[in-house]
Each structure stands twice: as C-alpha cells, then as structure tokens.
Amino acid sequence: MSFPMNRMRRLRSSPAMRRLVRETKVGVDNLIYPLFVREGKGVREPIKSMTGCFHFSPDTIGAEAAEVASLGIPAVLLFGLPDKKDEIGSQAWAEDGVVQRAIEQIKRAAPELLVITDVCLCEFTSHGHCGVVKDDKVDNDSTCGLLTKMALSHAQAGADIVAPSDMMDGRVKCIRETLEENGFENVAIMSYAAKYASAFYGPFRDAAESAPAFGDRRAYQMDPPNADEAMAEIALDIEEGADIVMVKPALAYLDIIYRARQRFDCPIAAYNVSGEYMMVKSAAAAGLADEQAVMMEVLTAIKRAGANIIITYWAKDVARLLS
Ligand code: PBG
C-alpha cells in the first residue's frame, strides 16, 4: 500500500462526525459571569472600557441576576465600587456596604444563583492598592486581617463562595478559620491562587476604578515569567483550605492551567480577563474578527488546557449561543 491507510480526515468529514469525536466542550454549566455594582439608584450604565458590560446599583442588580440565572449560568462574581474610599478600605466590610446589599438583592431575585464575591481591597482603598500601605509597601499580615473581615461580612450577607484576589500570603487560612469559627463552614473559597501582575487587567481597573495611585502590583502579584512558582502558590492555597483554585489571566497562561490540571485534583478556574476580552471586542469592532467564532475558540482553548470553570464576560453570549 503506497498511500496511507490512516486518513485523519475521515473523522472530520461531516458535522456529525466531528461532533462524535469532539474532545472538549464548552458548556454553560461551567461559566461564571462577573457583575459590577456601584452606589446609586436605578443605575444600569454601560462600562466604557468594557463593551457589553454594565455598572448596576443594588436595586437594579436583582433583575440582571434573574436574567443570568434564566440563561442557565450557575454563578456570578461580584465586584463592588463604594462611594467612599479610605486608607484601609473600611467600606469593604460595612454591613450596609454596596456588595453586601447587592448580595441580598441577588439572593432575593435569583435564590438558586451562586453568589461569589471578590475579596480584595483595591476597589475600596483611596490609594488603589490591594491592602494596607505601610512605608509605600502593602503590609501582608495586617491586610489578611482586613480581608478576613471582608470575607466574613460577605458570608453574613449570603455569599456562597468568597474569592480572595489580593495575593497576600496566608489569607486563605485566615479566611477559612474565621468562616469555620462563625458557622459558615459551607461557604466555599475560590482563591485567585496563581494571579499574575498582568497588563491584561487594564480595562477592568477602569471599570472598577481600582488602578493603583502609585507604583504597581508586582510586589504581591506573580511575576509573569514564573511557572514553578505558580504550582507552589496553588499547593499552598489548597493546603490552607481553598476549594477551587484559579489561574489568572487565562489566555497567556494556558501552560499554567495545563500544569495545574496535571498536578492537582481540585477544580481549577481560569479567569478570561478584561484585556483578553476587549482585544477580541476591539478586533471585531474594527472588522478584523468574527467575535462569536473567536469567543468560542478562546473558551474552548481554556477548557482544553484543563480549566473546569471559566470566568468570562461572554458568559451570557455563550449561553444564548448554545441554547
Ligand atoms: C482585584 C482584581 C482585578 C481583577 C479581578 N480582581 C484587578 C487587579 O488585580 O488589578 C481583574 C479582572 C479583569 O481584568 O477582568 N480586585
């Protein structure tokens, strides 16, 4: 036989054949949709830096949550923009804080929808850093104490999962212990375990009004060239009590997702961040990309690399496309 017996094209010959042998499937069950809540009444304002995303106020976020739930998306990830910021971000754990009130409204409008909260001080501090600043540095241990107060107050308001995104050492342990001590043993922790100091967060910092007023986040978020270190970060967070670990960003860090998948047994989440999303949106707006096709290719790649869960601003679009 001079010609190959093996013809790889046989299994690509029709839509049904391709469907039959498809290895990776993006489904709505594994998506998390980020939501931004700010002070005010009747707010539903488009976010300029993030096409297709909106700022809501606590009184309008319930309707949005109900729509997300009706699309079959299991969870939202909540970010808050307070009216008043201070040095330590004290609005972050205020009982009547913007996030705490939003949780209540979401739970009322869509009881079955999981509410995940971002636990980080950068949106709440006047300097925009993720913790307490001492001598121009973010102080690790005192920040952990404040993050713990923040996580507890989210749990008290009804959050199902808290998601620390600050990259302080030891914060997962502090949060886990405090949740246990206060009767929130069933509130899960999704830790931003391997979060890089990435330039892909630009549009989000605009949306969340959380850009640091001085310096950058490189002394606490991970250095992009490092991969072994990401495994150490993830291992520590699991040991400290994280239920789900996250790699962020996703697209430029597919190798990290892949390595984490090979090595750890817990669910791995990947955050398809604002810059990754807006690159595609911008290319599509310029007539250079088919947004829907690129969206599905990007999410499929993240899933194929090994992520069980994807946090994406496209969650609603995907749900509509797949329904
Ligand atoms: C920190 C936080 C950030 C993002 C999520 N949580 C920004 C940062 O670390 O500066 C970025 C998300 C995105 O870019 O989509 N609270």
# chains A, B, ... in the order shown; residues from 1 in each chain; ligands from 1
call {"tool": "residues_near_ligand", "arguments": {"ligand": "ligand 1", "cutoff": "9 Å", "atoms": "only C-alpha atoms and all ligand atoms", "output": "PyMOL selection string"}}
result
chain A and resi 34+79+118-123+128-130+164-167+192+195-205+208+210-212+216-217+221+248-249+271-277+311-313
call {"tool": "write_last_selection", "arguments": {"atoms": "N, CA and C atoms", "output": "CSV table (one decimal), in the first residue's frame"}}
result
chain,number,residue,atom,x,y,z
A,34,PRO,N,-19.1,37.8,35.7
A,34,PRO,CA,-18.8,38.9,36.6
A,34,PRO,C,-19.8,40.0,36.5
A,79,PHE,N,-18.2,42.3,42.0
A,79,PHE,CA,-17.2,43.4,42.3
A,79,PHE,C,-18.0,44.6,42.7
A,118,ASP,N,-15.7,38.9,45.1
A,118,ASP,CA,-14.3,39.2,45.0
A,118,ASP,C,-13.9,39.8,46.4
A,119,VAL,N,-12.9,39.2,46.9
A,119,VAL,CA,-12.4,39.7,48.2
A,119,VAL,C,-11.0,40.3,48.0
A,120,CYS,N,-11.0,41.7,47.9
A,120,CYS,CA,-9.8,42.4,47.7
A,120,CYS,C,-10.1,43.9,48.0
A,121,LEU,N,-9.1,44.6,48.5
A,121,LEU,CA,-9.3,45.9,49.0
A,121,LEU,C,-9.1,47.0,47.9
A,122,CYS,N,-8.6,46.6,46.7
A,122,CYS,CA,-8.2,47.7,45.8
A,122,CYS,C,-9.3,48.6,45.3
A,123,GLU,N,-10.6,48.1,45.3
A,123,GLU,CA,-11.7,49.0,44.9
A,123,GLU,C,-12.1,49.9,46.1
A,128,GLY,N,-5.8,52.7,46.0
A,128,GLY,CA,-6.0,51.6,45.0
A,128,GLY,C,-5.1,50.4,45.1
A,129,HIS,N,-4.4,50.3,46.2
A,129,HIS,CA,-3.6,49.0,46.4
A,129,HIS,C,-4.5,48.0,47.1
A,130,CYS,N,-4.1,46.7,47.0
A,130,CYS,CA,-5.0,45.6,47.4
A,130,CYS,C,-4.9,45.4,48.9
A,164,PRO,N,-10.8,35.4,47.3
A,164,PRO,CA,-9.7,36.4,47.6
A,164,PRO,C,-8.8,36.6,46.4
A,165,SER,N,-8.7,37.8,46.0
A,165,SER,CA,-7.9,38.1,44.7
A,165,SER,C,-6.7,39.0,45.0
A,166,ASP,N,-6.3,39.1,46.2
A,166,ASP,CA,-5.3,40.1,46.7
A,166,ASP,C,-3.9,39.6,46.6
A,167,MET,N,-3.7,38.3,46.6
A,167,MET,CA,-2.3,37.6,46.6
A,167,MET,C,-1.5,37.9,47.9
A,192,TYR,N,-7.8,33.1,44.1
A,192,TYR,CA,-7.0,33.5,43.0
A,192,TYR,C,-5.6,33.0,43.4
A,195,LYS,N,-2.2,34.3,40.5
A,195,LYS,CA,-2.7,35.6,39.8
A,195,LYS,C,-1.4,36.4,39.5
A,196,TYR,N,-1.3,36.7,38.2
A,196,TYR,CA,-0.1,37.3,37.7
A,196,TYR,C,-0.2,38.8,37.7
A,197,ALA,N,0.9,39.6,37.9
A,197,ALA,CA,0.9,41.0,37.7
A,197,ALA,C,0.9,41.3,36.2
A,198,SER,N,-0.4,41.3,35.7
A,198,SER,CA,-0.6,41.3,34.2
A,198,SER,C,-1.0,42.7,33.7
A,199,ALA,N,-0.6,42.9,32.5
A,199,ALA,CA,-1.1,44.2,31.8
A,199,ALA,C,-2.4,44.0,31.2
A,200,PHE,N,-3.0,42.7,31.3
A,200,PHE,CA,-4.3,42.4,30.7
A,200,PHE,C,-5.5,42.9,31.6
A,201,TYR,N,-5.2,43.5,32.7
A,201,TYR,CA,-6.3,44.0,33.6
A,201,TYR,C,-6.7,45.4,33.3
A,202,GLY,N,-6.1,46.0,32.4
A,202,GLY,CA,-6.3,47.5,32.1
A,202,GLY,C,-7.8,47.9,32.1
A,203,PRO,N,-8.6,47.3,31.2
A,203,PRO,CA,-10.0,47.7,31.1
A,203,PRO,C,-10.8,47.5,32.4
A,204,PHE,N,-10.4,46.5,33.1
A,204,PHE,CA,-11.1,46.2,34.4
A,204,PHE,C,-10.8,47.3,35.4
A,205,ARG,N,-9.6,47.7,35.5
A,205,ARG,CA,-9.2,48.7,36.5
A,205,ARG,C,-10.0,50.0,36.2
A,208,ALA,N,-13.6,49.2,37.4
A,208,ALA,CA,-13.7,49.0,38.9
A,208,ALA,C,-13.1,50.2,39.6
A,210,SER,N,-10.0,51.0,40.2
A,210,SER,CA,-9.1,50.3,41.1
A,210,SER,C,-7.7,50.4,40.7
A,211,ALA,N,-7.3,51.3,39.8
A,211,ALA,CA,-5.9,51.4,39.4
A,211,ALA,C,-5.1,51.9,40.6
A,212,PRO,N,-3.9,51.4,40.9
A,212,PRO,CA,-3.1,51.9,42.0
A,212,PRO,C,-2.7,53.4,41.7
A,216,ASP,N,2.9,49.8,41.3
A,216,ASP,CA,2.2,48.8,40.6
A,216,ASP,C,2.0,47.6,41.6
A,217,ARG,N,1.5,46.5,41.1
A,217,ARG,CA,1.2,45.4,42.0
A,217,ARG,C,2.2,44.2,42.0
A,221,GLN,N,1.5,40.5,43.3
A,221,GLN,CA,1.0,39.6,42.3
A,221,GLN,C,2.2,38.9,41.6
A,248,LYS,N,-5.0,33.1,36.6
A,248,LYS,CA,-5.5,34.4,36.1
A,248,LYS,C,-4.3,35.2,35.6
A,249,PRO,N,-4.3,35.8,34.4
A,249,PRO,CA,-5.2,35.6,33.3
A,249,PRO,C,-5.2,34.2,32.8
A,271,TYR,N,-9.6,32.7,34.7
A,271,TYR,CA,-10.2,34.0,34.5
A,271,TYR,C,-9.8,34.6,33.2
A,272,ASN,N,-10.8,34.6,32.2
A,272,ASN,CA,-10.6,35.1,30.9
A,272,ASN,C,-10.8,36.7,31.1
A,273,VAL,N,-9.7,37.4,31.4
A,273,VAL,CA,-9.8,38.7,31.9
A,273,VAL,C,-10.1,39.8,30.9
A,274,SER,N,-10.4,41.0,31.5
A,274,SER,CA,-10.9,42.1,30.7
A,274,SER,C,-10.1,42.4,29.4
A,275,GLY,N,-8.7,42.4,29.5
A,275,GLY,CA,-7.9,42.7,28.4
A,275,GLY,C,-8.0,41.7,27.3
A,276,GLU,N,-8.2,40.4,27.7
A,276,GLU,CA,-8.3,39.3,26.7
A,276,GLU,C,-9.6,39.5,26.0
A,277,TYR,N,-10.6,39.9,26.7
A,277,TYR,CA,-12.0,40.1,26.2
A,277,TYR,C,-12.0,41.3,25.3
A,311,ILE,N,-14.3,32.0,34.1
A,311,ILE,CA,-14.9,33.2,34.5
A,311,ILE,C,-14.8,34.1,33.2
A,312,THR,N,-15.9,34.5,32.7
A,312,THR,CA,-15.9,35.3,31.4
A,312,THR,C,-17.0,36.3,31.3
A,313,TYR,N,-16.7,37.4,30.7
A,313,TYR,CA,-17.6,38.5,30.4
A,313,TYR,C,-18.5,38.1,29.3
call {"tool": "select_by_dssp", "arguments": {"residues": "segment 64-221 of chain A", "states": "strand (DSSP E)", "output": "MDAnalysis selection string"}}
result
chainID A and resid 75:81 114:119 133:134 137:138 161:164 188:195
call {"tool": "write_last_selection", "arguments": {"atoms": "C-alpha atoms", "output": "short mmCIF file (atom, residue, chain, number, x, y, z; two decimals), in the first residue's frame"}}
result
data_model
loop_
_atom_site.label_atom_id
_atom_site.label_comp_id
_atom_site.auth_asym_id
_atom_site.auth_seq_id
_atom_site.Cartn_x
_atom_site.Cartn_y
_atom_site.Cartn_z
CA ALA A 75 -22.83 31.71 39.27
CA VAL A 76 -21.96 35.39 39.28
CA LEU A 77 -18.77 37.00 40.57
CA LEU A 78 -19.48 40.29 42.27
CA PHE A 79 -17.25 43.36 42.29
CA GLY A 80 -18.16 46.47 44.29
CA LEU A 81 -17.46 50.16 43.80
CA LEU A 114 -24.50 31.16 43.31
CA VAL A 115 -23.06 34.44 44.50
CA ILE A 116 -19.28 34.60 44.51
CA THR A 117 -17.66 37.76 45.86
CA ASP A 118 -14.29 39.22 45.00
CA VAL A 119 -12.40 39.70 48.24
CA VAL A 133 0.06 50.51 52.78
CA LYS A 134 2.96 50.95 55.22
CA LYS A 137 4.56 48.79 50.69
CA VAL A 138 1.47 46.64 51.05
CA ILE A 161 -18.29 31.44 47.70
CA VAL A 162 -15.67 34.05 48.61
CA ALA A 163 -12.85 34.69 46.17
CA PRO A 164 -9.74 36.36 47.59
CA ALA A 188 -16.51 27.82 49.85
CA ILE A 189 -13.28 29.58 48.95
CA MET A 190 -12.25 30.07 45.35
CA SER A 191 -8.77 31.51 45.65
CA TYR A 192 -7.03 33.51 42.98
CA ALA A 193 -4.09 31.20 43.62
CA ALA A 194 -1.85 31.96 40.65
CA LYS A 195 -2.65 35.55 39.84
#
call {"tool": "select_by_dssp", "arguments": {"residues": "segment 7-221 of chain A", "states": "alpha helix (DSSP H)", "output": "PDB file with C-alpha atoms, in the first residue's frame"}}
result
ATOM      1  CA  PRO A  15     -20.617  17.975  11.281  1.00  0.00           C
ATOM      2  CA  ALA A  16     -21.982  14.781  12.868  1.00  0.00           C
ATOM      3  CA  MET A  17     -18.618  13.017  12.584  1.00  0.00           C
ATOM      4  CA  ARG A  18     -16.831  15.986  14.125  1.00  0.00           C
ATOM      5  CA  ARG A  19     -19.392  16.140  16.901  1.00  0.00           C
ATOM      6  CA  LEU A  20     -18.915  12.441  17.594  1.00  0.00           C
ATOM      7  CA  VAL A  21     -15.172  12.687  18.167  1.00  0.00           C
ATOM      8  CA  PRO A  58     -28.084  47.305  44.304  1.00  0.00           C
ATOM      9  CA  ASP A  59     -31.691  47.990  43.244  1.00  0.00           C
ATOM     10  CA  THR A  60     -31.134  47.022  39.588  1.00  0.00           C
ATOM     11  CA  ILE A  61     -28.771  44.101  40.036  1.00  0.00           C
ATOM     12  CA  GLY A  62     -31.535  41.679  41.033  1.00  0.00           C
ATOM     13  CA  ALA A  63     -33.152  41.862  37.601  1.00  0.00           C
ATOM     14  CA  GLU A  64     -29.795  41.259  35.955  1.00  0.00           C
ATOM     15  CA  ALA A  65     -29.134  38.289  38.238  1.00  0.00           C
ATOM     16  CA  ALA A  66     -32.526  36.826  37.374  1.00  0.00           C
ATOM     17  CA  GLU A  67     -31.673  37.072  33.683  1.00  0.00           C
ATOM     18  CA  VAL A  68     -28.275  35.418  34.236  1.00  0.00           C
ATOM     19  CA  ALA A  69     -29.974  32.591  36.142  1.00  0.00           C
ATOM     20  CA  SER A  70     -32.644  32.179  33.455  1.00  0.00           C
ATOM     21  CA  VAL A  98     -22.641  48.133  48.334  1.00  0.00           C
ATOM     22  CA  VAL A  99     -21.611  44.492  47.851  1.00  0.00           C
ATOM     23  CA  GLN A 100     -23.447  43.316  50.964  1.00  0.00           C
ATOM     24  CA  ARG A 101     -26.687  44.959  49.783  1.00  0.00           C
ATOM     25  CA  ALA A 102     -26.217  43.616  46.264  1.00  0.00           C
ATOM     26  CA  ILE A 103     -25.860  40.063  47.588  1.00  0.00           C
ATOM     27  CA  GLU A 104     -29.176  40.417  49.386  1.00  0.00           C
ATOM     28  CA  GLN A 105     -30.897  41.670  46.217  1.00  0.00           C
ATOM     29  CA  ILE A 106     -29.415  38.931  44.055  1.00  0.00           C
ATOM     30  CA  LYS A 107     -30.439  36.249  46.521  1.00  0.00           C
ATOM     31  CA  ARG A 108     -33.970  37.644  46.599  1.00  0.00           C
ATOM     32  CA  ALA A 109     -34.276  37.793  42.795  1.00  0.00           C
ATOM     33  CA  ASN A 140       0.859  41.380  54.296  1.00  0.00           C
ATOM     34  CA  ASP A 141      -0.300  40.364  57.751  1.00  0.00           C
ATOM     35  CA  SER A 142      -2.486  43.337  58.653  1.00  0.00           C
ATOM     36  CA  THR A 143      -4.086  43.086  55.202  1.00  0.00           C
ATOM     37  CA  CYS A 144      -5.007  39.439  55.886  1.00  0.00           C
ATOM     38  CA  GLY A 145      -6.964  40.573  58.943  1.00  0.00           C
ATOM     39  CA  LEU A 146      -8.981  43.065  56.898  1.00  0.00           C
ATOM     40  CA  LEU A 147      -9.597  40.625  54.061  1.00  0.00           C
ATOM     41  CA  THR A 148     -10.905  38.165  56.627  1.00  0.00           C
ATOM     42  CA  LYS A 149     -13.376  40.751  57.938  1.00  0.00           C
ATOM     43  CA  MET A 150     -14.445  41.423  54.364  1.00  0.00           C
ATOM     44  CA  ALA A 151     -14.933  37.726  53.553  1.00  0.00           C
ATOM     45  CA  LEU A 152     -16.896  37.159  56.764  1.00  0.00           C
ATOM     46  CA  SER A 153     -19.200  40.082  56.051  1.00  0.00           C
ATOM     47  CA  HIS A 154     -19.861  38.704  52.552  1.00  0.00           C
ATOM     48  CA  ALA A 155     -20.725  35.332  54.076  1.00  0.00           C
ATOM     49  CA  GLN A 156     -23.050  37.016  56.587  1.00  0.00           C
ATOM     50  CA  ALA A 157     -24.753  38.812  53.700  1.00  0.00           C
ATOM     51  CA  ARG A 171      -5.024  34.815  53.592  1.00  0.00           C
ATOM     52  CA  VAL A 172      -6.837  31.635  52.625  1.00  0.00           C
ATOM     53  CA  LYS A 173      -6.016  30.092  56.001  1.00  0.00           C
ATOM     54  CA  CYS A 174      -7.155  33.189  57.901  1.00  0.00           C
ATOM     55  CA  ILE A 175     -10.417  33.334  55.944  1.00  0.00           C
ATOM     56  CA  ARG A 176     -11.088  29.582  56.279  1.00  0.00           C
ATOM     57  CA  GLU A 177     -10.562  29.623  60.044  1.00  0.00           C
ATOM     58  CA  THR A 178     -12.804  32.633  60.543  1.00  0.00           C
ATOM     59  CA  LEU A 179     -15.572  31.183  58.380  1.00  0.00           C
ATOM     60  CA  GLU A 180     -15.450  27.926  60.382  1.00  0.00           C
ATOM     61  CA  GLU A 181     -15.497  29.758  63.716  1.00  0.00           C
ATOM     62  CA  GLY A 202      -6.305  47.474  32.141  1.00  0.00           C
ATOM     63  CA  PRO A 203      -9.977  47.686  31.089  1.00  0.00           C
ATOM     64  CA  PHE A 204     -11.120  46.205  34.409  1.00  0.00           C
ATOM     65  CA  ARG A 205      -9.220  48.739  36.508  1.00  0.00           C
ATOM     66  CA  ASP A 206     -11.052  51.437  34.617  1.00  0.00           C
ATOM     67  CA  ALA A 207     -14.373  49.683  35.202  1.00  0.00           C
ATOM     68  CA  ALA A 208     -13.684  49.032  38.888  1.00  0.00           C
TER      69      ALA A 208
END
call {"tool": "atom_distance", "arguments": {"atom1": "atom CA of Ala285 of chain A", "atom2": "atom CA of Arg304 of chain A"}}
result
27.2 Å
call {"tool": "atom_distance", "arguments": {"atom1": "atom CA of Asn30 of chain A", "atom2": "atom CA of Ile257 of chain A"}}
result
15.4 Å
call {"tool": "closest_residue", "arguments": {"among": "A:Gly72, A:Gly97, A:Pro4, A:Gly170", "to": "Asp237 of chain A", "atoms": "only C-alpha atoms"}}
result
A:Gly170
call {"tool": "closest_residue", "arguments": {"among": "A:Glu240, A:Glu209, A:Glu112, A:Asp228", "to": "Gly158 of chain A", "atoms": "only C-alpha atoms"}}
result
A:Glu112
call {"tool": "atom_distance", "arguments": {"atom1": "atom CA of Pro267 of chain A", "atom2": "atom CA of Val298 of chain A"}}
result
19.5 Å
